[in-house]
file entry-v9.pdb (PDB, N, CA and C atoms)
ATOM      1  N   GLY X  20      37.859   3.265 -34.807
ATOM      2  CA  GLY X  20      37.811   2.835 -33.431
ATOM      3  C   GLY X  20      36.582   1.985 -33.155
ATOM      4  N   PRO X  21      36.428   1.613 -31.919
ATOM      5  CA  PRO X  21      35.277   0.773 -31.538
ATOM      6  C   PRO X  21      33.974   1.560 -31.651
ATOM      7  N   PRO X  22      32.884   0.863 -31.874
ATOM      8  CA  PRO X  22      31.596   1.557 -31.960
ATOM      9  C   PRO X  22      31.240   2.158 -30.595
ATOM     10  N   PRO X  23      30.432   3.213 -30.608
ATOM     11  CA  PRO X  23      30.028   3.809 -29.331
ATOM     12  C   PRO X  23      29.174   2.830 -28.524
ATOM     13  N   PHE X  24      29.235   2.969 -27.233
ATOM     14  CA  PHE X  24      28.432   2.111 -26.383
ATOM     15  C   PHE X  24      28.012   2.885 -25.145
ATOM     16  N   ALA X  25      27.052   2.333 -24.453
ATOM     17  CA  ALA X  25      26.603   2.898 -23.180
ATOM     18  C   ALA X  25      26.771   1.839 -22.107
ATOM     19  N   ALA X  26      27.082   2.265 -20.929
ATOM     20  CA  ALA X  26      27.193   1.348 -19.788
ATOM     21  C   ALA X  26      26.227   1.809 -18.710
ATOM     22  N   LEU X  27      25.529   0.870 -18.138
ATOM     23  CA  LEU X  27      24.599   1.154 -17.056
ATOM     24  C   LEU X  27      24.984   0.255 -15.898
ATOM     25  N   GLU X  28      25.204   0.847 -14.750
ATOM     26  CA  GLU X  28      25.563   0.074 -13.567
ATOM     27  C   GLU X  28      24.489   0.289 -12.512
ATOM     28  N   VAL X  29      24.000  -0.820 -11.975
ATOM     29  CA  VAL X  29      22.979  -0.769 -10.936
ATOM     30  C   VAL X  29      23.550  -1.471  -9.713
ATOM     31  N   ILE X  30      23.514  -0.791  -8.575
ATOM     32  CA  ILE X  30      24.054  -1.348  -7.339
ATOM     33  C   ILE X  30      23.000  -1.217  -6.247
ATOM     34  N   ASP X  31      22.843  -2.264  -5.464
ATOM     35  CA  ASP X  31      21.989  -2.142  -4.289
ATOM     36  C   ASP X  31      22.758  -2.610  -3.064
ATOM     37  N   ASP X  32      22.265  -2.231  -1.928
ATOM     38  CA  ASP X  32      22.924  -2.633  -0.686
ATOM     39  C   ASP X  32      22.050  -3.602   0.109
ATOM     40  N   GLY X  33      21.293  -4.398  -0.635
ATOM     41  CA  GLY X  33      20.427  -5.398  -0.008
ATOM     42  C   GLY X  33      21.235  -6.556   0.543
ATOM     43  N   GLU X  34      20.550  -7.645   0.797
ATOM     44  CA  GLU X  34      21.204  -8.793   1.420
ATOM     45  C   GLU X  34      22.074  -9.597   0.466
ATOM     46  N   GLY X  35      21.983  -9.345  -0.827
ATOM     47  CA  GLY X  35      22.799 -10.077  -1.800
ATOM     48  C   GLY X  35      22.229 -11.454  -2.098
ATOM     49  N   MET X  36      22.872 -12.163  -3.020
ATOM     50  CA  MET X  36      22.406 -13.489  -3.441
ATOM     51  C   MET X  36      23.443 -14.552  -3.100
ATOM     52  N   THR X  37      22.951 -15.729  -2.829
ATOM     53  CA  THR X  37      23.846 -16.868  -2.652
ATOM     54  C   THR X  37      24.350 -17.290  -4.021
ATOM     55  N   PRO X  38      25.439 -18.043  -4.090
ATOM     56  CA  PRO X  38      25.897 -18.557  -5.389
ATOM     57  C   PRO X  38      24.832 -19.399  -6.090
ATOM     58  N   GLU X  39      24.031 -20.127  -5.332
ATOM     59  CA  GLU X  39      22.971 -20.959  -5.924
ATOM     60  C   GLU X  39      21.912 -20.088  -6.593
ATOM     61  N   THR X  40      21.510 -19.014  -5.949
ATOM     62  CA  THR X  40      20.531 -18.100  -6.541
ATOM     63  C   THR X  40      21.117 -17.409  -7.760
ATOM     64  N   LEU X  41      22.340 -16.927  -7.643
ATOM     65  CA  LEU X  41      23.002 -16.236  -8.748
ATOM     66  C   LEU X  41      23.109 -17.128  -9.985
ATOM     67  N   ALA X  42      23.323 -18.429  -9.783
ATOM     68  CA  ALA X  42      23.449 -19.369 -10.905
ATOM     69  C   ALA X  42      22.158 -19.487 -11.709
ATOM     70  N   HIS X  43      21.020 -19.147 -11.123
ATOM     71  CA  HIS X  43      19.722 -19.280 -11.804
ATOM     72  C   HIS X  43      19.091 -17.935 -12.144
ATOM     73  N   LEU X  44      19.807 -16.856 -11.916
ATOM     74  CA  LEU X  44      19.249 -15.517 -12.052
ATOM     75  C   LEU X  44      18.564 -15.264 -13.387
ATOM     76  N   PHE X  45      19.132 -15.752 -14.478
ATOM     77  CA  PHE X  45      18.587 -15.488 -15.812
ATOM     78  C   PHE X  45      17.705 -16.622 -16.335
ATOM     79  N   ASP X  46      17.439 -17.628 -15.529
ATOM     80  CA  ASP X  46      16.545 -18.714 -15.951
ATOM     81  C   ASP X  46      15.116 -18.188 -16.057
ATOM     82  N   PRO X  47      14.438 -18.463 -17.188
ATOM     83  CA  PRO X  47      13.040 -18.047 -17.296
ATOM     84  C   PRO X  47      12.205 -18.670 -16.182
ATOM     85  N   PHE X  48      11.356 -17.894 -15.590
ATOM     86  CA  PHE X  48      10.428 -18.293 -14.533
ATOM     87  C   PHE X  48      11.094 -18.538 -13.182
ATOM     88  N   PHE X  49      12.400 -18.287 -13.064
ATOM     89  CA  PHE X  49      13.046 -18.416 -11.760
ATOM     90  C   PHE X  49      12.692 -17.211 -10.904
ATOM     91  N   SER X  50      12.302 -17.465  -9.689
ATOM     92  CA  SER X  50      11.975 -16.383  -8.772
ATOM     93  C   SER X  50      12.236 -16.837  -7.344
ATOM     94  N   THR X  51      12.640 -15.918  -6.518
ATOM     95  CA  THR X  51      12.783 -16.202  -5.095
ATOM     96  C   THR X  51      11.527 -15.767  -4.350
ATOM     97  N   ARG X  52      10.589 -15.215  -5.068
ATOM     98  CA  ARG X  52       9.325 -14.774  -4.476
ATOM     99  C   ARG X  52       8.311 -15.908  -4.506
ATOM    100  N   GLY X  53       7.244 -15.729  -3.783
ATOM    101  CA  GLY X  53       6.167 -16.712  -3.767
ATOM    102  C   GLY X  53       5.439 -16.764  -5.093
ATOM    103  N   PRO X  54       4.627 -17.808  -5.301
ATOM    104  CA  PRO X  54       3.939 -17.999  -6.585
ATOM    105  C   PRO X  54       2.946 -16.893  -6.929
ATOM    106  N   ASP X  55       2.500 -16.126  -5.958
ATOM    107  CA  ASP X  55       1.542 -15.058  -6.225
ATOM    108  C   ASP X  55       2.218 -13.697  -6.368
ATOM    109  N   ARG X  56       3.545 -13.675  -6.569
ATOM    110  CA  ARG X  56       4.291 -12.425  -6.595
ATOM    111  C   ARG X  56       5.076 -12.226  -7.883
ATOM    112  N   GLY X  57       4.465 -12.427  -9.027
ATOM    113  CA  GLY X  57       5.136 -12.168 -10.298
ATOM    114  C   GLY X  57       5.460 -13.448 -11.046
ATOM    115  N   THR X  58       6.022 -13.275 -12.257
ATOM    116  CA  THR X  58       6.241 -14.409 -13.148
ATOM    117  C   THR X  58       7.652 -14.958 -13.124
ATOM    118  N   GLY X  59       8.603 -14.199 -12.606
ATOM    119  CA  GLY X  59       9.992 -14.638 -12.655
ATOM    120  C   GLY X  59      10.624 -14.432 -14.020
ATOM    121  N   LEU X  60      10.039 -13.580 -14.846
ATOM    122  CA  LEU X  60      10.569 -13.351 -16.191
ATOM    123  C   LEU X  60      11.468 -12.121 -16.287
ATOM    124  N   GLY X  61      11.525 -11.311 -15.262
ATOM    125  CA  GLY X  61      12.210 -10.029 -15.327
ATOM    126  C   GLY X  61      13.642 -10.094 -15.810
ATOM    127  N   MET X  62      14.490 -10.840 -15.149
ATOM    128  CA  MET X  62      15.905 -10.867 -15.521
ATOM    129  C   MET X  62      16.133 -11.642 -16.817
ATOM    130  N   ALA X  63      15.313 -12.631 -17.111
ATOM    131  CA  ALA X  63      15.435 -13.338 -18.388
ATOM    132  C   ALA X  63      15.134 -12.388 -19.544
ATOM    133  N   VAL X  64      14.137 -11.534 -19.373
ATOM    134  CA  VAL X  64      13.792 -10.553 -20.407
ATOM    135  C   VAL X  64      14.917  -9.526 -20.546
ATOM    136  N   VAL X  65      15.439  -9.044 -19.428
ATOM    137  CA  VAL X  65      16.552  -8.089 -19.469
ATOM    138  C   VAL X  65      17.730  -8.680 -20.232
ATOM    139  N   GLN X  66      18.087  -9.914 -19.917
ATOM    140  CA  GLN X  66      19.206 -10.566 -20.600
ATOM    141  C   GLN X  66      18.932 -10.680 -22.100
ATOM    142  N   GLY X  67      17.723 -11.058 -22.478
ATOM    143  CA  GLY X  67      17.372 -11.180 -23.891
ATOM    144  C   GLY X  67      17.500  -9.867 -24.638
ATOM    145  N   ILE X  68      17.025  -8.789 -24.051
ATOM    146  CA  ILE X  68      17.111  -7.476 -24.690
ATOM    147  C   ILE X  68      18.558  -7.036 -24.835
ATOM    148  N   VAL X  69      19.328  -7.187 -23.774
ATOM    149  CA  VAL X  69      20.728  -6.759 -23.803
ATOM    150  C   VAL X  69      21.502  -7.540 -24.859
ATOM    151  N   GLU X  70      21.352  -8.851 -24.872
ATOM    152  CA  GLU X  70      22.102  -9.671 -25.831
ATOM    153  C   GLU X  70      21.613  -9.476 -27.259
ATOM    154  N   ALA X  71      20.305  -9.261 -27.459
ATOM    155  CA  ALA X  71      19.786  -9.017 -28.806
ATOM    156  C   ALA X  71      20.314  -7.697 -29.375
ATOM    157  N   SER X  72      20.686  -6.799 -28.487
ATOM    158  CA  SER X  72      21.236  -5.510 -28.904
ATOM    159  C   SER X  72      22.746  -5.549 -29.067
ATOM    160  N   GLY X  73      23.337  -6.739 -28.935
ATOM    161  CA  GLY X  73      24.777  -6.885 -29.082
ATOM    162  C   GLY X  73      25.548  -6.555 -27.819
ATOM    163  N   GLY X  74      24.853  -6.477 -26.703
ATOM    164  CA  GLY X  74      25.502  -6.128 -25.444
ATOM    165  C   GLY X  74      25.792  -7.331 -24.582
ATOM    166  N   GLN X  75      26.271  -7.041 -23.415
ATOM    167  CA  GLN X  75      26.538  -8.097 -22.444
ATOM    168  C   GLN X  75      26.099  -7.619 -21.074
ATOM    169  N   ILE X  76      25.820  -8.561 -20.213
ATOM    170  CA  ILE X  76      25.388  -8.237 -18.864
ATOM    171  C   ILE X  76      26.177  -9.106 -17.890
ATOM    172  N   THR X  77      26.677  -8.496 -16.856
ATOM    173  CA  THR X  77      27.385  -9.230 -15.811
ATOM    174  C   THR X  77      26.776  -8.859 -14.466
ATOM    175  N   VAL X  78      26.800  -9.803 -13.560
ATOM    176  CA  VAL X  78      26.234  -9.592 -12.231
ATOM    177  C   VAL X  78      27.225 -10.085 -11.202
ATOM    178  N   ARG X  79      27.458  -9.263 -10.190
ATOM    179  CA  ARG X  79      28.277  -9.666  -9.049
ATOM    180  C   ARG X  79      27.413  -9.528  -7.806
ATOM    181  N   SER X  80      27.401 -10.550  -6.982
ATOM    182  CA  SER X  80      26.610 -10.485  -5.761
ATOM    183  C   SER X  80      27.156 -11.480  -4.761
ATOM    184  N   SER X  81      27.069 -11.137  -3.515
ATOM    185  CA  SER X  81      27.384 -12.075  -2.444
ATOM    186  C   SER X  81      26.575 -11.687  -1.224
ATOM    187  N   ARG X  82      26.359 -12.637  -0.360
ATOM    188  CA  ARG X  82      25.552 -12.406   0.828
ATOM    189  C   ARG X  82      26.134 -11.258   1.635
ATOM    190  N   SER X  83      25.292 -10.396   2.092
ATOM    191  CA  SER X  83      25.575  -9.254   2.963
ATOM    192  C   SER X  83      26.332  -8.107   2.293
ATOM    193  N   THR X  84      26.596  -8.193   0.978
ATOM    194  CA  THR X  84      27.265  -7.074   0.307
ATOM    195  C   THR X  84      26.406  -6.443  -0.780
ATOM    196  N   GLY X  85      25.243  -6.980  -1.052
ATOM    197  CA  GLY X  85      24.381  -6.417  -2.092
ATOM    198  C   GLY X  85      24.736  -6.972  -3.466
ATOM    199  N   THR X  86      24.216  -6.310  -4.477
ATOM    200  CA  THR X  86      24.328  -6.791  -5.852
ATOM    201  C   THR X  86      24.755  -5.654  -6.760
ATOM    202  N   GLN X  87      25.592  -5.985  -7.748
ATOM    203  CA  GLN X  87      26.036  -5.018  -8.746
ATOM    204  C   GLN X  87      25.798  -5.606 -10.117
ATOM    205  N   VAL X  88      25.015  -4.893 -10.956
ATOM    206  CA  VAL X  88      24.695  -5.355 -12.304
ATOM    207  C   VAL X  88      25.246  -4.354 -13.291
TER     208      VAL X  88
END
call {"tool": "encode", "arguments": {"input": "entry-v9.pdb", "output": "C-alpha cells"}}
result
Amino acid sequence: GPPPFAALEVIDDGEGMTPETLAHLFDPFFSTRGPDRGTGLGMAVVQGIVEASGGQITVRSSRSTGTQV
C-alpha cells in the first residue's frame, strides 16, 4: 500500500487573503507587514521543508472567510 503519511490542517478565522496576496504567499521575502516586522521568509521556508520531505502544501483563502492550510 501507500507509505504512511501525516496531515496537518491549520485554519484561522481572520480576514483572509486576496487572490493577489495568495499568489505571492510562498515568494521569498514577500510580506504584508511593514519592513520592520520580520523577513517574509516564513511561508517560503515552510514550503521548502514540506517539499524537501516529499510532501505537498495547499492553501485556500478568501476575503472574510479566513485561511486554511
call {"tool": "axis_aligned_box", "arguments": {"input": "entry-v9.pdb", "around": "stretch 21-38 of chain X", "padding_each_side": "5 Å", "output": "AutoDock Vina command-line options"}}
result
--center_x 28.4 --center_y -7.8 --center_z -15.3 --size_x 26.0 --size_y 33.2 --size_z 43.4
call {"tool": "closest_residue", "arguments": {"input": "entry-v9.pdb", "among": "X:Glu39, X:Leu60, X:Val65, X:Gly20", "to": "X:Thr77", "atoms": "only C-alpha atoms"}}
result
X:Val65
call {"tool": "select_by_dssp", "arguments": {"input": "entry-v9.pdb", "residues": "chain X", "states": "helix (DSSP H, G or I)", "output": "PyMOL selection string"}}
result
chain X and resi 38-42+61-71
call {"tool": "resolve_selection", "arguments": {"input": "entry-v9.pdb", "expression": "the PyMOL selection byres ((chain X and resi 80) around 7)", "output": "list in words"}}
result
Gly35, Met36, Thr37, Pro38, Val78, Arg79, Ser81, Arg82, Thr84, Gly85, Thr86 and Gln87 of chain X
call {"tool": "residues_around", "arguments": {"input": "entry-v9.pdb", "residues": "X:Asp46", "least_positions_apart": "6", "cutoff": "8 Å", "atoms": "all atoms listed in the file", "output": "list in words"}}
result
Gly59, Leu60, Gly61, Met62, Ala63 and Val64 of chain X
call {"tool": "residues_around", "arguments": {"input": "entry-v9.pdb", "residues": "X:Phe45", "least_positions_apart": "2", "cutoff": "7 Å", "atoms": "all atoms listed in the file", "output": "count of residues only"}}
result
10
call {"tool": "atom_distance", "arguments": {"input": "entry-v9.pdb", "atom1": "atom CA of X:Pro54", "atom2": "atom CA of X:Gly67"}}
result
22.9 Å
call {"tool": "closest_residue", "arguments": {"input": "entry-v9.pdb", "among": "X:Leu27, X:Gly53, X:Gly33, X:Pro22", "to": "X:Gln75", "atoms": "only C-alpha atoms"}}
result
X:Leu27
call {"tool": "atom_distance", "arguments": {"input": "entry-v9.pdb", "atom1": "atom CA of X:Asp32", "atom2": "atom C of X:Gly57"}}
result
23.0 Å
call {"tool": "select_by_dssp", "arguments": {"input": "entry-v9.pdb", "residues": "chain X", "states": "strand (DSSP E or B)", "output": "ChimeraX atom specification"}}
result
/X:30-31,79-81,85-87
call {"tool": "build_atoms", "arguments": {"input": "entry-v9.pdb", "residues": "stretch 54-65 of chain X", "atoms": "all heavy atoms", "output": "PDB file, in the coordinates of the input"}}
result
ATOM      1  N   PRO X  54       4.627 -17.808  -5.301  1.00  0.00           N
ATOM      2  CA  PRO X  54       3.939 -17.999  -6.585  1.00  0.00           C
ATOM      3  C   PRO X  54       2.946 -16.893  -6.929  1.00  0.00           C
ATOM      4  O   PRO X  54       2.624 -16.704  -8.086  1.00  0.00           O
ATOM      5  CB  PRO X  54       3.213 -19.336  -6.416  1.00  0.00           C
ATOM      6  CG  PRO X  54       3.174 -19.585  -4.951  1.00  0.00           C
ATOM      7  CD  PRO X  54       4.337 -18.857  -4.345  1.00  0.00           C
ATOM      8  N   ASP X  55       2.500 -16.126  -5.958  1.00  0.00           N
ATOM      9  CA  ASP X  55       1.542 -15.058  -6.225  1.00  0.00           C
ATOM     10  C   ASP X  55       2.218 -13.697  -6.368  1.00  0.00           C
ATOM     11  O   ASP X  55       1.569 -12.669  -6.342  1.00  0.00           O
ATOM     12  CB  ASP X  55       0.505 -14.994  -5.107  1.00  0.00           C
ATOM     13  CG  ASP X  55       1.129 -14.731  -3.743  1.00  0.00           C
ATOM     14  OD1 ASP X  55       2.335 -14.996  -3.577  1.00  0.00           O
ATOM     15  OD2 ASP X  55       0.398 -14.274  -2.841  1.00  0.00           O
ATOM     16  N   ARG X  56       3.545 -13.675  -6.569  1.00  0.00           N
ATOM     17  CA  ARG X  56       4.291 -12.425  -6.595  1.00  0.00           C
ATOM     18  C   ARG X  56       5.076 -12.226  -7.883  1.00  0.00           C
ATOM     19  O   ARG X  56       6.249 -11.915  -7.864  1.00  0.00           O
ATOM     20  CB  ARG X  56       5.270 -12.381  -5.417  1.00  0.00           C
ATOM     21  CG  ARG X  56       4.669 -12.503  -4.056  1.00  0.00           C
ATOM     22  CD  ARG X  56       4.289 -11.195  -3.391  1.00  0.00           C
ATOM     23  NE  ARG X  56       5.111 -10.063  -3.701  1.00  0.00           N
ATOM     24  CZ  ARG X  56       6.118  -9.625  -2.963  1.00  0.00           C
ATOM     25  NH1 ARG X  56       6.467 -10.249  -1.880  1.00  0.00           N
ATOM     26  NH2 ARG X  56       6.780  -8.551  -3.317  1.00  0.00           N
ATOM     27  N   GLY X  57       4.465 -12.427  -9.027  1.00  0.00           N
ATOM     28  CA  GLY X  57       5.136 -12.168 -10.298  1.00  0.00           C
ATOM     29  C   GLY X  57       5.460 -13.448 -11.046  1.00  0.00           C
ATOM     30  O   GLY X  57       5.251 -14.551 -10.573  1.00  0.00           O
ATOM     31  N   THR X  58       6.022 -13.275 -12.257  1.00  0.00           N
ATOM     32  CA  THR X  58       6.241 -14.409 -13.148  1.00  0.00           C
ATOM     33  C   THR X  58       7.652 -14.958 -13.124  1.00  0.00           C
ATOM     34  O   THR X  58       7.897 -16.046 -13.612  1.00  0.00           O
ATOM     35  CB  THR X  58       5.948 -14.006 -14.605  1.00  0.00           C
ATOM     36  OG1 THR X  58       6.878 -12.987 -14.986  1.00  0.00           O
ATOM     37  CG2 THR X  58       4.525 -13.514 -14.764  1.00  0.00           C
ATOM     38  N   GLY X  59       8.603 -14.199 -12.606  1.00  0.00           N
ATOM     39  CA  GLY X  59       9.992 -14.638 -12.655  1.00  0.00           C
ATOM     40  C   GLY X  59      10.624 -14.432 -14.020  1.00  0.00           C
ATOM     41  O   GLY X  59      11.637 -15.029 -14.335  1.00  0.00           O
ATOM     42  N   LEU X  60      10.039 -13.580 -14.846  1.00  0.00           N
ATOM     43  CA  LEU X  60      10.569 -13.351 -16.191  1.00  0.00           C
ATOM     44  C   LEU X  60      11.468 -12.121 -16.287  1.00  0.00           C
ATOM     45  O   LEU X  60      12.139 -11.923 -17.287  1.00  0.00           O
ATOM     46  CB  LEU X  60       9.428 -13.200 -17.196  1.00  0.00           C
ATOM     47  CG  LEU X  60       8.719 -14.483 -17.566  1.00  0.00           C
ATOM     48  CD1 LEU X  60       7.505 -14.186 -18.428  1.00  0.00           C
ATOM     49  CD2 LEU X  60       9.659 -15.425 -18.288  1.00  0.00           C
ATOM     50  N   GLY X  61      11.525 -11.311 -15.262  1.00  0.00           N
ATOM     51  CA  GLY X  61      12.210 -10.029 -15.327  1.00  0.00           C
ATOM     52  C   GLY X  61      13.642 -10.094 -15.810  1.00  0.00           C
ATOM     53  O   GLY X  61      14.010  -9.455 -16.805  1.00  0.00           O
ATOM     54  N   MET X  62      14.490 -10.840 -15.149  1.00  0.00           N
ATOM     55  CA  MET X  62      15.905 -10.867 -15.521  1.00  0.00           C
ATOM     56  C   MET X  62      16.133 -11.642 -16.817  1.00  0.00           C
ATOM     57  O   MET X  62      17.043 -11.316 -17.569  1.00  0.00           O
ATOM     58  CB  MET X  62      16.746 -11.433 -14.384  1.00  0.00           C
ATOM     59  CG  MET X  62      16.795 -10.523 -13.165  1.00  0.00           C
ATOM     60  SD  MET X  62      17.326  -8.829 -13.523  1.00  0.00           S
ATOM     61  CE  MET X  62      19.022  -9.054 -13.986  1.00  0.00           C
ATOM     62  N   ALA X  63      15.313 -12.631 -17.111  1.00  0.00           N
ATOM     63  CA  ALA X  63      15.435 -13.338 -18.388  1.00  0.00           C
ATOM     64  C   ALA X  63      15.134 -12.388 -19.544  1.00  0.00           C
ATOM     65  O   ALA X  63      15.816 -12.408 -20.575  1.00  0.00           O
ATOM     66  CB  ALA X  63      14.492 -14.547 -18.424  1.00  0.00           C
ATOM     67  N   VAL X  64      14.137 -11.534 -19.373  1.00  0.00           N
ATOM     68  CA  VAL X  64      13.792 -10.553 -20.407  1.00  0.00           C
ATOM     69  C   VAL X  64      14.917  -9.526 -20.546  1.00  0.00           C
ATOM     70  O   VAL X  64      15.315  -9.170 -21.660  1.00  0.00           O
ATOM     71  CB  VAL X  64      12.445  -9.869 -20.090  1.00  0.00           C
ATOM     72  CG1 VAL X  64      12.201  -8.684 -21.010  1.00  0.00           C
ATOM     73  CG2 VAL X  64      11.312 -10.866 -20.200  1.00  0.00           C
ATOM     74  N   VAL X  65      15.439  -9.044 -19.428  1.00  0.00           N
ATOM     75  CA  VAL X  65      16.552  -8.089 -19.469  1.00  0.00           C
ATOM     76  C   VAL X  65      17.730  -8.680 -20.232  1.00  0.00           C
ATOM     77  O   VAL X  65      18.306  -8.044 -21.113  1.00  0.00           O
ATOM     78  CB  VAL X  65      16.979  -7.671 -18.044  1.00  0.00           C
ATOM     79  CG1 VAL X  65      18.297  -6.917 -18.058  1.00  0.00           C
ATOM     80  CG2 VAL X  65      15.894  -6.841 -17.384  1.00  0.00           C
TER      81      VAL X  65
END
